[in-house]
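Participant: As input, take entry-v9.cif (mmCIF, C-alpha atoms and all ligand atoms):
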data_input
#
loop_
_atom_site.label_atom_id
_atom_site.label_comp_id
_atom_site.auth_asym_id
_atom_site.auth_seq_id
_atom_site.Cartn_x
_atom_site.Cartn_y
_atom_site.Cartn_z
CA MET A 16 19.88 12.06 -11.15
CA THR A 17 16.32 11.03 -11.82
CA ALA A 18 14.48 12.42 -14.82
CA LYS A 19 12.37 14.42 -12.39
CA ASP A 20 15.42 16.25 -10.98
CA ARG A 21 16.98 16.94 -14.34
CA PRO A 22 17.39 20.74 -14.61
CA LEU A 23 15.67 22.27 -17.61
CA SER A 24 17.94 23.68 -20.30
CA PHE A 25 18.26 27.37 -21.05
CA ASP A 26 16.15 27.06 -24.20
CA THR A 27 13.30 25.35 -22.36
CA LEU A 28 13.44 27.95 -19.58
CA CYS A 29 13.13 30.70 -22.20
CA ILE A 30 9.75 29.23 -23.08
CA GLN A 31 8.45 27.66 -19.88
CA GLY A 32 10.47 29.29 -17.09
CA GLY A 33 8.94 31.47 -14.39
CA TYR A 34 5.33 30.33 -14.66
CA ALA A 35 3.95 26.89 -13.85
CA PRO A 36 0.15 26.73 -14.20
CA LYS A 37 -1.82 24.37 -12.02
CA PHE A 38 -4.85 22.35 -13.11
CA GLY A 39 -7.27 24.46 -15.13
CA GLU A 40 -5.15 27.61 -15.04
CA PRO A 41 -4.15 29.49 -18.22
CA ARG A 42 -1.36 27.71 -20.12
CA ILE A 43 0.43 31.00 -20.82
CA LEU A 44 1.32 33.70 -18.30
CA PRO A 45 -1.91 35.69 -17.92
CA ILE A 46 -2.08 39.48 -17.73
CA ILE A 47 -3.34 40.35 -14.27
CA GLN A 48 -4.30 43.94 -14.96
CA GLY A 49 -5.02 44.87 -11.36
CA THR A 50 -3.63 47.07 -8.62
CA THR A 51 -5.00 45.38 -5.55
CA TYR A 52 -5.42 41.99 -3.86
CA LYS A 53 -8.03 40.58 -1.48
CA TYR A 54 -7.37 39.11 1.98
CA ASP A 55 -9.46 37.30 4.55
CA ASP A 56 -8.36 38.99 7.77
CA ILE A 57 -6.36 41.94 9.05
CA ASP A 58 -3.68 39.74 10.61
CA HIS A 59 -2.83 38.36 7.18
CA VAL A 60 -2.56 41.88 5.76
CA ASN A 61 -0.40 42.88 8.71
CA ARG A 62 1.99 39.97 8.12
CA ILE A 63 2.41 40.92 4.45
CA MET A 64 2.83 44.62 5.22
CA THR A 65 5.56 43.94 7.79
CA LEU A 66 7.43 41.45 5.57
CA GLN A 67 6.56 38.53 7.88
CA ASP A 68 4.68 36.80 5.07
CA PHE A 69 4.95 36.83 1.28
CA GLY A 70 2.08 38.00 -0.84
CA HIS A 71 1.05 40.68 -3.27
CA LYS A 72 -0.30 43.80 -1.63
CA TYR A 73 -0.25 46.53 -4.24
CA SER A 74 1.06 46.43 -7.81
CA ARG A 75 3.70 49.10 -7.17
CA THR A 76 5.76 46.52 -5.29
CA SER A 77 4.59 43.28 -6.93
CA ASN A 78 2.06 41.82 -9.36
CA PRO A 79 1.53 38.20 -10.53
CA THR A 80 2.28 38.89 -14.23
CA VAL A 81 5.34 40.95 -13.37
CA ALA A 82 6.39 38.16 -10.97
CA GLY A 83 6.19 35.63 -13.83
CA PHE A 84 8.59 37.71 -15.92
CA GLU A 85 10.87 38.27 -12.92
CA ALA A 86 11.02 34.55 -12.16
CA LYS A 87 11.86 33.67 -15.78
CA ILE A 88 14.67 36.20 -16.26
CA ASN A 89 16.01 35.21 -12.83
CA GLN A 90 16.17 31.56 -13.92
CA LEU A 91 17.86 32.53 -17.19
CA GLU A 92 20.53 34.53 -15.34
CA GLY A 93 20.88 31.97 -12.55
CA GLY A 94 20.16 34.48 -9.78
CA ALA A 95 18.52 34.47 -6.36
CA GLY A 96 15.61 36.68 -7.44
CA ALA A 97 14.66 39.65 -9.61
CA VAL A 98 12.77 42.94 -9.41
CA ALA A 99 11.32 44.36 -12.63
CA THR A 100 11.29 48.11 -13.23
CA ALA A 101 9.67 50.67 -15.50
CA SER A 102 12.82 51.04 -17.64
CA GLY A 103 16.48 50.08 -17.81
CA GLN A 104 17.34 53.45 -16.29
CA ALA A 105 14.96 52.74 -13.40
CA ALA A 106 16.74 49.38 -12.93
CA THR A 107 20.16 51.06 -12.67
CA LEU A 108 18.81 53.68 -10.28
CA LEU A 109 17.04 51.05 -8.15
CA ALA A 110 20.22 48.96 -7.91
CA ILE A 111 22.45 51.92 -7.03
CA ALA A 112 20.02 53.68 -4.69
CA SER A 113 19.48 50.45 -2.74
CA ILE A 114 23.21 50.44 -1.92
CA VAL A 115 24.66 53.95 -1.71
CA ARG A 116 24.14 56.90 0.62
CA THR A 117 25.13 60.54 0.31
CA GLY A 118 28.93 60.72 0.35
CA ASP A 119 29.42 57.34 -1.31
CA HIS A 120 31.31 56.77 -4.54
CA ILE A 121 30.68 54.66 -7.65
CA LEU A 122 33.51 53.29 -9.78
CA ALA A 123 32.33 52.60 -13.33
CA ALA A 124 33.79 51.49 -16.64
CA SER A 125 33.93 54.44 -19.03
CA GLN A 126 32.25 52.52 -21.87
CA LEU A 127 28.71 53.10 -20.69
CA TYR A 128 25.27 53.59 -22.08
CA GLY A 129 24.80 57.38 -22.41
CA GLY A 130 21.90 57.50 -19.92
CA THR A 131 23.89 55.57 -17.32
CA PHE A 132 26.80 57.96 -17.78
CA THR A 133 24.67 61.06 -17.19
CA LEU A 134 22.96 59.39 -14.20
CA PHE A 135 26.34 58.67 -12.60
CA ASN A 136 28.24 61.74 -13.73
CA SER A 137 25.59 64.41 -13.30
CA THR A 138 22.27 63.55 -11.66
CA LEU A 139 23.51 61.40 -8.75
CA LYS A 140 26.09 64.08 -8.01
CA LYS A 141 23.23 66.36 -6.96
CA PHE A 142 22.38 63.78 -4.29
CA GLY A 143 25.97 63.71 -3.07
CA VAL A 144 26.95 60.45 -4.76
CA THR A 145 30.04 60.81 -6.95
CA ALA A 146 31.47 58.58 -9.67
CA SER A 147 34.84 57.93 -11.29
CA PHE A 148 35.33 56.21 -14.61
CA PHE A 149 38.05 53.84 -15.76
CA GLU A 150 39.11 52.48 -19.12
CA PRO A 151 37.79 48.89 -18.83
CA ASP A 152 40.94 47.37 -20.35
CA ALA A 153 43.32 49.35 -18.14
CA PRO A 154 45.60 47.21 -15.92
CA ALA A 155 44.14 46.21 -12.54
CA ARG A 156 46.66 48.34 -10.61
CA GLU A 157 45.48 51.49 -12.44
CA ILE A 158 41.83 50.78 -11.66
CA GLU A 159 42.84 49.87 -8.11
CA GLN A 160 44.09 53.42 -7.55
CA LEU A 161 40.61 54.82 -8.23
CA PHE A 162 39.04 52.96 -5.29
CA ARG A 163 38.31 55.26 -2.33
CA PRO A 164 37.34 54.43 1.25
CA GLU A 165 33.81 55.51 0.32
CA THR A 166 33.57 53.42 -2.90
CA ARG A 167 30.51 51.17 -2.62
CA VAL A 168 29.89 49.91 -6.17
CA LEU A 169 31.90 48.66 -9.14
CA PHE A 170 29.87 48.95 -12.34
CA GLY A 171 30.42 47.80 -15.94
CA GLU A 172 28.60 46.61 -19.06
CA THR A 173 29.16 43.09 -20.43
CA LEU A 174 29.41 44.62 -23.88
CA GLY A 175 30.17 48.33 -23.68
CA ASN A 176 27.70 50.48 -25.57
CA PRO A 177 28.66 51.36 -28.24
CA GLY A 178 32.39 50.55 -27.99
CA LEU A 179 31.56 46.82 -27.77
CA ALA A 180 34.51 45.87 -25.54
CA ILE A 181 33.71 42.64 -23.66
CA LEU A 182 34.27 43.18 -19.95
CA ASP A 183 37.29 41.52 -18.34
CA PHE A 184 35.15 39.86 -15.66
CA ASP A 185 38.01 38.06 -13.90
CA LYS A 186 39.99 41.25 -13.35
CA LEU A 187 37.02 43.37 -12.25
CA SER A 188 35.34 40.80 -10.01
CA ALA A 189 38.66 40.23 -8.22
CA LEU A 190 38.98 43.98 -7.61
CA ALA A 191 35.40 44.18 -6.30
CA ARG A 192 36.03 41.24 -3.96
CA GLN A 193 39.26 42.75 -2.63
CA HIS A 194 37.45 45.96 -1.79
CA GLY A 195 34.29 44.33 -0.45
CA VAL A 196 31.95 46.10 -2.87
CA PRO A 197 29.27 44.58 -5.12
CA PHE A 198 30.11 44.20 -8.82
CA ILE A 199 27.08 45.35 -10.83
CA VAL A 200 26.92 44.35 -14.48
CA ASP A 201 24.61 45.75 -17.15
CA ASN A 202 23.99 42.65 -19.30
CA THR A 203 21.57 44.33 -21.74
CA LEU A 204 23.57 43.89 -24.94
CA ALA A 205 24.75 40.34 -24.33
CA THR A 206 21.58 38.90 -22.69
CA PRO A 207 21.86 35.69 -20.63
CA PHE A 208 21.82 33.75 -23.91
CA LEU A 209 25.37 34.94 -24.66
CA CYS A 210 26.71 35.61 -21.17
CA GLN A 211 25.67 34.84 -17.59
CA PRO A 212 27.66 37.35 -15.51
CA PHE A 213 26.96 35.60 -12.16
CA ARG A 214 29.21 32.77 -13.40
CA HIS A 215 32.02 35.31 -13.74
CA GLY A 216 31.84 37.06 -10.39
CA ALA A 217 29.04 39.61 -10.86
CA ASN A 218 26.87 40.20 -7.79
CA ILE A 219 23.98 42.14 -9.34
CA ILE A 220 22.80 42.21 -12.97
CA ILE A 221 20.66 44.88 -14.53
CA HIS A 222 18.94 44.84 -17.92
CA SER A 223 17.15 47.25 -20.12
CA ALA A 224 14.39 44.78 -21.04
CA THR A 225 13.51 47.28 -23.78
CA LYS A 226 16.19 45.78 -26.01
CA TYR A 227 16.72 42.06 -26.77
CA ILE A 228 14.41 40.81 -24.00
CA ASP A 229 11.48 42.56 -25.67
CA GLY A 230 13.10 42.04 -29.06
CA HIS A 231 10.41 43.76 -31.09
CA ALA A 232 10.62 47.39 -29.95
CA THR A 233 7.21 47.32 -28.26
CA SER A 234 7.85 48.30 -24.61
CA VAL A 235 10.17 50.11 -22.21
CA GLY A 236 11.17 48.24 -19.06
CA GLY A 237 14.02 46.90 -17.00
CA VAL A 238 14.99 44.39 -14.37
CA VAL A 239 17.46 44.02 -11.50
CA ILE A 240 18.65 40.50 -10.63
CA ASP A 241 20.33 39.63 -7.34
CA GLY A 242 23.06 37.00 -7.47
CA GLY A 243 22.61 36.36 -3.75
CA ASN A 244 26.40 35.99 -3.66
CA PHE A 245 27.57 39.15 -1.93
CA ASP A 246 28.38 39.54 1.79
CA TRP A 247 26.48 42.63 2.90
CA THR A 248 27.63 42.08 6.50
CA ASN A 249 31.24 43.07 5.77
CA GLY A 250 30.84 46.35 7.66
CA GLN A 251 30.51 48.68 4.67
CA PHE A 252 26.72 48.51 4.30
CA PRO A 253 25.02 49.46 7.58
CA ASP A 254 21.63 49.94 5.86
CA PHE A 255 21.55 46.17 5.31
CA THR A 256 22.59 45.18 8.82
CA THR A 257 20.72 47.67 11.03
CA PRO A 258 16.96 47.84 11.66
CA ASP A 259 14.76 49.47 9.00
CA PRO A 260 12.28 51.60 11.00
CA THR A 261 9.88 51.68 8.02
CA TYR A 262 9.29 47.93 8.45
CA ASN A 263 9.12 47.62 12.24
CA GLY A 264 12.87 47.21 12.52
CA VAL A 265 13.50 44.49 9.95
CA ILE A 266 17.21 43.77 9.44
CA TYR A 267 17.56 42.68 5.83
CA THR A 268 20.64 40.47 6.21
CA GLU A 269 18.98 38.61 9.10
CA LYS A 270 15.44 38.36 7.79
CA PHE A 271 16.44 37.53 4.18
CA PRO A 272 19.92 35.98 4.36
CA GLN A 273 19.63 34.44 0.86
CA SER A 274 19.13 37.76 -0.93
CA PRO A 275 18.94 40.81 1.36
CA PHE A 276 19.63 43.12 -1.57
CA LEU A 277 16.60 41.90 -3.50
CA PHE A 278 14.20 42.34 -0.59
CA LYS A 279 15.60 45.72 0.33
CA ALA A 280 15.37 46.94 -3.27
CA ARG A 281 11.74 45.89 -3.56
CA ALA A 282 10.49 46.66 -0.05
CA GLN A 283 12.21 50.03 0.35
CA PHE A 284 13.05 51.60 -2.96
CA LEU A 285 10.40 50.24 -5.28
CA ARG A 286 7.90 51.27 -2.58
CA ASP A 287 9.35 54.79 -2.27
CA PHE A 288 10.59 55.61 -5.77
CA GLY A 289 7.81 53.90 -7.71
CA GLY A 290 9.27 52.96 -11.08
CA CYS A 291 7.53 49.56 -11.21
CA LEU A 292 6.89 47.57 -14.38
CA ASN A 293 3.28 47.34 -15.57
CA PRO A 294 1.64 43.94 -16.18
CA MET A 295 1.09 44.48 -19.92
CA ASN A 296 4.77 45.14 -20.54
CA ALA A 297 5.76 42.22 -18.31
CA PHE A 298 3.56 40.02 -20.51
CA LEU A 299 5.29 41.32 -23.65
CA PHE A 300 8.78 40.83 -22.14
CA ASN A 301 7.83 37.28 -21.17
CA LEU A 302 6.68 36.68 -24.73
CA GLY A 303 9.94 38.16 -26.01
CA LEU A 304 11.97 35.82 -23.82
CA GLU A 305 10.15 32.86 -25.35
CA THR A 306 12.17 33.37 -28.54
CA LEU A 307 15.40 34.81 -27.07
CA HIS A 308 17.28 31.55 -27.78
CA LEU A 309 16.10 31.62 -31.41
CA ARG A 310 16.63 35.32 -32.07
CA MET A 311 20.07 35.82 -30.52
CA PRO A 312 21.95 33.35 -32.78
CA ARG A 313 20.38 34.97 -35.86
CA HIS A 314 21.25 38.49 -34.63
CA GLY A 315 24.84 37.30 -34.12
CA GLU A 316 25.16 35.48 -37.46
CA ASN A 317 23.70 38.42 -39.38
CA ALA A 318 25.97 40.88 -37.55
CA LEU A 319 29.10 38.84 -38.27
CA ALA A 320 28.19 38.48 -41.98
CA LEU A 321 27.42 42.20 -42.29
CA ALA A 322 30.63 43.09 -40.40
CA ARG A 323 32.69 40.91 -42.77
CA PHE A 324 31.05 42.53 -45.79
CA LEU A 325 31.70 46.04 -44.43
CA THR A 326 35.42 45.33 -43.93
CA THR A 327 35.66 44.85 -47.71
CA HIS A 328 33.76 48.03 -48.65
CA PRO A 329 35.84 50.93 -50.04
CA GLN A 330 33.67 53.58 -48.28
CA VAL A 331 34.21 51.96 -44.89
CA ALA A 332 37.12 53.19 -42.73
CA TRP A 333 36.93 50.54 -40.01
CA VAL A 334 34.59 47.90 -38.55
CA ASN A 335 34.21 46.87 -34.91
CA TYR A 336 32.51 43.61 -33.97
CA PRO A 337 33.64 41.40 -31.07
CA GLY A 338 33.86 38.30 -33.27
CA LEU A 339 36.23 39.95 -35.77
CA ASP A 340 39.51 40.51 -33.92
CA SER A 341 41.59 38.09 -31.86
CA ASN A 342 41.18 39.97 -28.55
CA GLY A 343 37.39 39.94 -28.96
CA LYS A 344 37.51 36.23 -29.92
CA GLN A 345 39.47 35.41 -26.76
CA ARG A 346 36.99 37.20 -24.53
CA ILE A 347 34.08 35.53 -26.34
CA SER A 348 35.51 32.07 -25.75
CA ARG A 349 36.27 32.88 -22.11
CA TYR A 350 33.03 34.57 -21.09
CA PHE A 351 30.37 33.85 -23.72
CA LYS A 352 28.38 30.65 -23.97
CA HIS A 353 28.30 30.78 -27.77
CA GLU A 354 30.84 31.68 -30.42
CA ASN A 355 28.83 34.53 -31.85
CA GLY A 356 28.43 38.07 -30.49
CA SER A 357 25.23 40.10 -30.27
CA GLY A 358 23.60 42.02 -33.10
CA ILE A 359 25.43 45.26 -32.35
CA LEU A 360 28.33 46.39 -34.55
CA THR A 361 29.90 49.74 -35.31
CA PHE A 362 31.76 51.02 -38.34
CA GLY A 363 33.32 54.23 -39.63
CA ILE A 364 32.23 55.89 -42.85
CA LYS A 365 34.81 57.73 -44.96
CA GLY A 366 34.03 61.28 -46.09
CA GLY A 367 32.95 63.06 -42.91
CA ILE A 368 29.55 64.01 -41.60
CA ASP A 369 28.08 64.59 -45.09
CA ALA A 370 28.85 61.01 -46.10
CA ILE A 371 27.10 59.83 -42.91
CA ARG A 372 24.07 62.02 -43.70
CA ARG A 373 23.86 60.54 -47.21
CA PHE A 374 24.21 56.95 -45.99
CA VAL A 375 21.49 57.30 -43.38
CA LYS A 376 19.09 58.84 -45.92
CA LYS A 377 19.68 56.10 -48.48
CA THR A 378 19.12 52.92 -46.46
CA ARG A 379 15.81 51.22 -47.17
CA VAL A 380 15.85 48.06 -45.04
CA ALA A 381 17.77 49.61 -42.14
CA ALA A 382 16.16 52.64 -40.51
CA LEU A 383 17.54 55.51 -38.44
CA VAL A 384 16.32 54.84 -34.89
CA VAL A 385 17.53 55.53 -31.35
CA HIS A 386 17.09 51.90 -30.42
CA ILE A 387 18.85 48.55 -30.37
CA GLY A 388 17.84 44.93 -29.95
CA ASP A 389 14.89 45.03 -32.34
CA ALA A 390 14.08 42.30 -34.87
CA ARG A 391 14.35 45.13 -37.45
CA THR A 392 17.76 46.55 -38.34
CA GLY A 393 18.42 50.03 -36.94
CA ILE A 394 21.27 52.48 -37.51
CA LEU A 395 22.42 55.47 -35.48
CA HIS A 396 25.16 58.10 -35.39
CA PRO A 397 26.01 58.14 -31.64
CA ALA A 398 28.18 61.29 -31.63
CA SER A 399 25.23 63.44 -32.71
CA SER A 400 22.50 61.61 -30.79
CA THR A 401 22.76 59.31 -27.75
CA HIS A 402 26.18 60.67 -26.79
CA ALA A 403 25.69 64.27 -27.97
CA GLN A 404 26.06 65.53 -24.39
CA MET A 405 29.68 64.36 -24.18
CA ASP A 406 32.76 66.44 -24.94
CA GLU A 407 35.50 65.09 -27.18
CA ALA A 408 37.57 63.56 -24.36
CA GLN A 409 34.51 61.83 -22.89
CA LEU A 410 33.57 60.57 -26.35
CA ARG A 411 37.03 59.10 -26.81
CA ALA A 412 36.87 57.46 -23.38
CA ALA A 413 33.49 55.99 -24.28
CA GLY A 414 35.01 54.57 -27.48
CA ILE A 415 33.08 56.81 -29.84
CA THR A 416 34.50 58.58 -32.90
CA PRO A 417 32.81 61.25 -35.02
CA ASP A 418 32.65 58.90 -38.03
CA MET A 419 31.04 56.02 -36.08
CA VAL A 420 27.74 54.48 -37.15
CA ARG A 421 26.17 51.98 -34.78
CA VAL A 422 24.14 49.17 -36.30
CA SER A 423 21.67 47.03 -34.41
CA VAL A 424 21.53 44.16 -36.87
CA GLY A 425 18.09 42.61 -37.06
CA ILE A 426 16.97 39.11 -37.97
CA GLU A 427 16.00 39.87 -41.59
CA ASP A 428 17.62 37.95 -44.47
CA VAL A 429 21.24 39.08 -44.30
CA ALA A 430 21.51 39.21 -48.11
CA ASP A 431 18.91 42.00 -48.09
CA LEU A 432 20.87 43.84 -45.39
CA ILE A 433 24.18 43.56 -47.25
CA ALA A 434 22.59 44.78 -50.48
CA ASP A 435 20.97 47.67 -48.61
CA PHE A 436 24.20 48.79 -46.94
CA ASP A 437 26.08 48.40 -50.24
CA GLN A 438 23.72 50.66 -52.20
CA ALA A 439 23.51 53.21 -49.37
CA LEU A 440 27.30 53.44 -49.02
CA THR A 441 27.93 53.66 -52.75
CA ASN A 442 27.52 57.15 -54.17
C1 LIG A 501 18.94 51.18 -23.32
C2 LIG A 501 19.94 50.86 -22.33
C3 LIG A 501 19.79 51.25 -20.99
C4 LIG A 501 18.62 52.06 -20.51
O1 LIG A 501 17.44 51.35 -20.65
P1 LIG A 501 15.99 52.02 -20.92
O2 LIG A 501 15.09 50.84 -20.95
O3 LIG A 501 16.08 52.75 -22.22
O4 LIG A 501 15.73 52.94 -19.79
C5 LIG A 501 20.77 50.88 -20.09
N1 LIG A 501 21.84 50.17 -20.48
C6 LIG A 501 22.02 49.78 -21.75
C7 LIG A 501 23.24 49.01 -22.12
C8 LIG A 501 21.09 50.11 -22.72
O5 LIG A 501 21.28 49.74 -23.99
#
Rewrite the structure of this file - the entire thing - as structure tokens.

Facilitator:
Amino acid sequence: MTAKDRPLSFDTLCIQGGYAPKFGEPRILPIIQGTTYKYDDIDHVNRIMTLQDFGHKYSRTSNPTVAGFEAKINQLEGGAGAVATASGQAATLLAIASIVRTGDHILAASQLYGGTFTLFNSTLKKFGVTASFFEPDAPAREIEQLFRPETRVLFGETLGNPGLAILDFDKLSALARQHGVPFIVDNTLATPFLCQPFRHGANIIIHSATKYIDGHATSVGGVVIDGGNFDWTNGQFPDFTTPDPTYNGVIYTEKFPQSPFLFKARAQFLRDFGGCLNPMNAFLFNLGLETLHLRMPRHGENALALARFLTTHPQVAWVNYPGLDSNGKQRISRYFKHENGSGILTFGIKGGIDAIRRFVKKTRVAALVVHIGDARTGILHPASSTHAQMDEAQLRAAGITPDMVRVSVGIEDVADLIADFDQALTN
């Protein structure tokens, strides 16, 4: 391999991936705050409009700044291409809606972000798309029984939110392959720094860029990444293999054999549903990614140190962090690129809801927020907030208990965090 061919490392791609300026162009990804693009003749416009040629046409479907962010996150995940969206929820919807039709069925791990659960369990139902949920650590033969002839998607989160179980990628990707359905993974909590799901059989990755990708709680956004590794011609996905009348009869698997899903998602559903990312937020996500490789280790180290401290505290009933128990350690060494987990941990406070109220009021460094992945430490009581819409059985299935506090450990000095939690827990 010559020096010229040497692939750039993950850390370098965090900083320089996605955007390569030519002579005299801005060194950093510029914000192209514009909706529209100029052409020289109508034939050129026609070629772009009918997907015969690539080019920006209108910022609902693509924009140069957004494209820079898409290219970088795609490189970091090792995919075939990415489409950025207005939020993580929009990313999940875009991915699902690009695949399913009325009558189809989604099979999803029960440890899900609350918004994803309501999308699958309630809102999509109104469009005739149903979902079933499985305990992610259930044996393969139990999950197998939930597949139906109309199942078209297998969905899970790398790190369940907020149960923090690391997905058994080998088991689930094998099931998805056997049934000829794409395996979609929400990699928001792990980020590609910790885990690259395409290496473990995922076909599509979605992110809420709002969390660690942004990293500073500035912007809402999301992204869908196509692994380009799924066979859409297996007979179960006619929308990919038959002409699309809205683009003069384009057949996605024939026109875009490398990544038909990506082109269909952008050309059809981003066009029709809107939900695009704006250039300013793409700029901020790109800036966030420039320090992802520096922030994630610190989030993980701080979380592990805080988790260890909490296990010794008399007011603490239990602590859950993937790096603490042997099962979590095994999954980390199998699927994660680094020994540490993310910044998310959960713990139980003794003394019921009043003790939780007191704790949340007393913290000074950590703040009560409905957010994760920020440089600042945030705490939340999921049962009364993000997951308040669930009944007790659903809560249990999602790995949530009434005494659970979720912590998104920031990158402050961990000694300040430990002292803060100590004084807030101590009456
Ligand atoms: C926040 C979050 C989402 C939703 O993303 P938004 O950007 O808030 O729409 C989806 N999945 C996970 C795991 C999340 O944490």

Participant: Taking all atoms listed in the file and a cut-off of 6 Å, can you tell me which residues surround ligand LIG 501 (chain A), written as a PyMOL selection string?

Facilitator: chain A and resi 102-104+128+176+203-204+223+225+235-237

Participant: Do a neighbour search on Arg391 in chain A at 8 Å with only C-alpha atoms, toss out local chain neighbours closer than 5 positions, and write the hits as a list in words.

Facilitator: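 That gives His231, Ala381, Val424, Gly425, Ile426 and Glu427 of chain A.
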
Participant: Give me a file of those residues, with C-alpha atoms, as a short mmCIF file (atom, residue, chain, number, x, y, z; two decimals), in the frame of the given file.

Facilitator:
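selection.cif written:
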data_model
loop_
_atom_site.label_atom_id
_atom_site.label_comp_id
_atom_site.auth_asym_id
_atom_site.auth_seq_id
_atom_site.Cartn_x
_atom_site.Cartn_y
_atom_site.Cartn_z
CA HIS A 231 10.41 43.76 -31.09
CA ALA A 381 17.77 49.61 -42.14
CA VAL A 424 21.53 44.16 -36.87
CA GLY A 425 18.09 42.61 -37.06
CA ILE A 426 16.97 39.11 -37.97
CA GLU A 427 16.00 39.87 -41.59
#

Participant: For Arg349 in chain A, which of A:His215, A:Arg310, A:Arg62, A:Arg286 is the closest residue, counting all atoms listed in the file?

Facilitator: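 Under the stated criterion, the closest residue is A:His215.
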
Participant: Can you work out which one of A:Ile359, A:Ile219, A:Ala320, A:Val81 has the shortest atom-to-atom distance to Ala205 in chain A, counting only C-alpha atoms?

Facilitator: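 Smallest separation from Ala205 in chain A among the options: A:Ile359.
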
Participant: The residues within 9 Å of (40.2, 47.2, -12.9), using only C-alpha atoms and the coordinates of the file, should be reported as a list in words; which are they?

Facilitator: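 I get Ala124, Phe149, Glu150, Pro151, Asp152, Ala153, Pro154, Ala155, Arg156, Glu157, Ile158, Glu159, Leu161, Asp183, Lys186, Leu187, Ser188, Ala189, Leu190 and Ala191 of chain A for the residues within 9 Å of that point.
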
Participant: In Å, rounded to a single decimal, give me how far CA of Glu305 in chain A is from CA of Cys29 in chain A.

Facilitator: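 Straight-line distance from CA of Cys29 in chain A to CA of Glu305 in chain A works out to 4.8 Å.
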
Participant: Determine the nearest neighbour of Lys376 in chain A from the options A:Val334, A:Leu440, A:Leu321, A:Ala390, counting all atoms listed in the file.

Facilitator: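 The closest residue to Lys376 in chain A is A:Leu440.
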
Participant: With distances taken over only C-alpha atoms, which residue among A:Ile387, A:Ala282, A:Val429, A:Leu395 lies nearest Tyr73 in chain A?

Facilitator: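 Looking only at the distances to Tyr73 in chain A, the closest residue turns out to be A:Ala282.
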
Participant: Name the residues within 12 Å of (14.1, 25.1, -18.7), counting all atoms listed in the file in the file's coordinates, and put them as a PyMOL selection string.

Facilitator: chain A and resi 20-35+86-93+305+308

Participant: Identify, on the basis of all atoms listed in the file, every residue whose closest approach to Tyr262 in chain A does not exceed 12 Å; exclude the query and any residue fewer than 4 positions from it along the same chain; express the result as a PyMOL selection string.

Facilitator: chain A and resi 61-67+257-258+266-267+270+278-279+282-283+286

Participant: In Å to one decimal, how far is CA of Ala413 in chain A from CA of Gly175 in chain A?

Facilitator: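 So the answer is 8.4 Å.
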
Participant: In Å, rounded to a single decimal, give me how far CA of Leu292 in chain A is from CA of Ser423 in chain A.

Facilitator: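 The value is 24.9 Å.
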
Participant: For Asn249 in chain A, which residue among A:Arg214, A:Pro41, A:Leu209, A:Arg167 is the nearest when counting only C-alpha atoms?

Facilitator: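 Going through A:Arg214, A:Pro41, A:Leu209, A:Arg167 one by one, the smallest distance to Asn249 in chain A is for A:Arg167.
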
Participant: May I have the residues within 6 Å of Gly315 in chain A as a list in words, using all atoms listed in the file and disregarding those fewer than 5 positions away in the same chain?

Facilitator: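 So the residues in contact are Asn355, Gly356, Ser357 and Gly358 of chain A.
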
Participant: Extract, using only C-alpha atoms, all DNA, RNA and protein residues at most 9 Å from Asp435 in chain A, discarding same-chain residues fewer than 4 positions from it, and format them as a list in words.

Facilitator: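 Non-adjacent residues within range: Lys377, Thr378, Arg379, Val380, Ala381, Ala430, Asp431, Ala439 and Leu440 of chain A.
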
Participant: Rank A:Leu122, A:His71, A:Gly178, A:Val422 by their smallest atom-to-atom distance to Gln160 in chain A, using only C-alpha atoms, and report the top residue only.

Facilitator: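 When distances to Gln160 in chain A are compared using only C-alpha atoms, the smallest one comes from A:Leu122.
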
Participant: Report the centre and edge lengths, in Å to one decimal, of an axis-aligned box enclosing every atom of range 348-365 of chain A listed in the file, padded by 3 Å on each side, as AutoDock Vina command-line options.

Facilitator:
--center_x 29.9 --center_y 44.2 --center_z -33.0 --size_x 18.7 --size_y 33.1 --size_z 29.9

Participant: Env of Trp247 in chain A: 12 Å cut, atoms = only C-alpha atoms, seq-sep filter 5 positions within chain, self excluded. Answer as a VMD selection string.

Facilitator: chain A and resid 113 to 114 167 192 195 to 197 218 252 to 257 266 to 269 271 to 277 279
